[in-house]
Amino acid sequence: MALISKVIVQDNLKEAIAKAVSQIGGFGQFIKSGDKVLLKPNFNTADAYPASSDPVFLRAVVELVYQAGASQVIIGDASTMSVKTRQVMEKLGIFDLEKSFSPVPKILVFEEGKWVKKKIPQGKYLKSVSVPEILDQVDKLILLPCLKTHFLAQYTGSIKIVVGFMKPIERLRMHAGHLKEKVAELALVIAPDLILMDARKCFITKGPTDGALAQPNLILASESRINIDIEGIKIIQSFEGNSLAGIQPEDIGQIKRAREIGIK
């Protein structure tokens, strides 16, 4: 079983992230000198954290990845179809990161770039998907999910964050049925090297843009999407009034299907 770490955030967020990763081997296990590293945050909308990634958390991760020896950090996402990703990033101040680092991190709006069609092995509900070509051009991928419930998918974490790699127009059929299973099958063509979950705050009802707010004050790190999502669900379930009460994490549709098709 892949390791998972949980660290309580005290005064220094960057130190907490580094500590979480150190408990599963350290950044040096995941990033080599000269690597081009793609960070995938959650910018589905411009709603405040934990609906979207906290820019302060993202800045800390960029610093740590550069310190680990990366030659270039790339930050990319595609928002929901009803909004423009560039506008979401501008509202959240993400382009300010380009002024804060040397080397300068590259910020990608996926729908403004090229897409590559990929067949999905073992796809029962989703046979193919168009993903950004950058996925084939980087050395490492780090997923940066928030922790929250989701009114359609029950839960959203490291497995569901990969929907941001899907060409927005194709998301219409994603939501036409078997959403949870399709999310898991999409994850087959995305191969993260590390997952860092910002669980300082989370939604324990509704989601993904609003809901009852809890504050676990945790950073989670793992190589395993399954393990980190199961742990995330347990954290949500530890708060009174949550919408996942009485559900076994392994029985949530996206996790169940992910296990069936061999996602770790």
# chains A, B, ... in the order shown; residues from 1 in each chain; ligands from 1
>>> residues_around(residues="stretch 134-149 of chain A", least_positions_apart="4", cutoff="7 Å", atoms="only C-alpha atoms", output="ChimeraX atom specification")
/A:35-42,50,53,154-158,161,192-199,202-208,232
>>> residues_around(residues="A:Arg225", least_positions_apart="4", cutoff="7 Å", atoms="only C-alpha atoms", output="ChimeraX atom specification")
/A:158-159,229,264
>>> write_last_selection(atoms="C-alpha atoms", output="PDB file, in the first residue's frame")
ATOM      1  CA  SER A 158      -7.529  13.636  -6.295  1.00  0.00           C
ATOM      2  CA  ILE A 159      -9.462  11.331  -8.619  1.00  0.00           C
ATOM      3  CA  ASP A 229      -9.210  10.185  -1.316  1.00  0.00           C
ATOM      4  CA  LYS A 264      -3.604   3.095  -7.346  1.00  0.00           C
TER       5      LYS A 264
END
>>> residues_around(residues="A:Lys6", least_positions_apart="5", cutoff="8 Å", atoms="only C-alpha atoms", output="number ranges by chain")
A: 20, 218-221
>>> residues_around(residues="A:Gly253", least_positions_apart="3", cutoff="9 Å", atoms="only C-alpha atoms", output="ChimeraX atom specification")
/A:153-154,178-181,184,250,256-258
>>> residues_around(residues="A:Val189", least_positions_apart="3", cutoff="9 Å", atoms="only C-alpha atoms", output="ChimeraX atom specification")
/A:118-121,129,131,185-186
>>> residues_around(residues="A:Thr85", least_positions_apart="6", cutoff="7 Å", atoms="only C-alpha atoms", output="list in words")
Ala78, Ser79 and Val109 of chain A
>>> select_by_dssp(residues="stretch 165-205 of chain A", states="helix (DSSP H, G or I)", output="list of chain:residue names")
A:Phe165, A:Pro168, A:Ile169, A:Glu170, A:Arg171, A:Leu172, A:Arg173, A:Met174, A:Leu179, A:Lys180, A:Glu181, A:Lys182, A:Val183, A:Ala184, A:Glu185, A:Leu186, A:Ala187, A:Leu188, A:Val189
>>> closest_residue(among="A:Ile230, A:Ala70, A:Val83, A:Ile247", to="A:Ser33", atoms="only C-alpha atoms")
A:Ala70
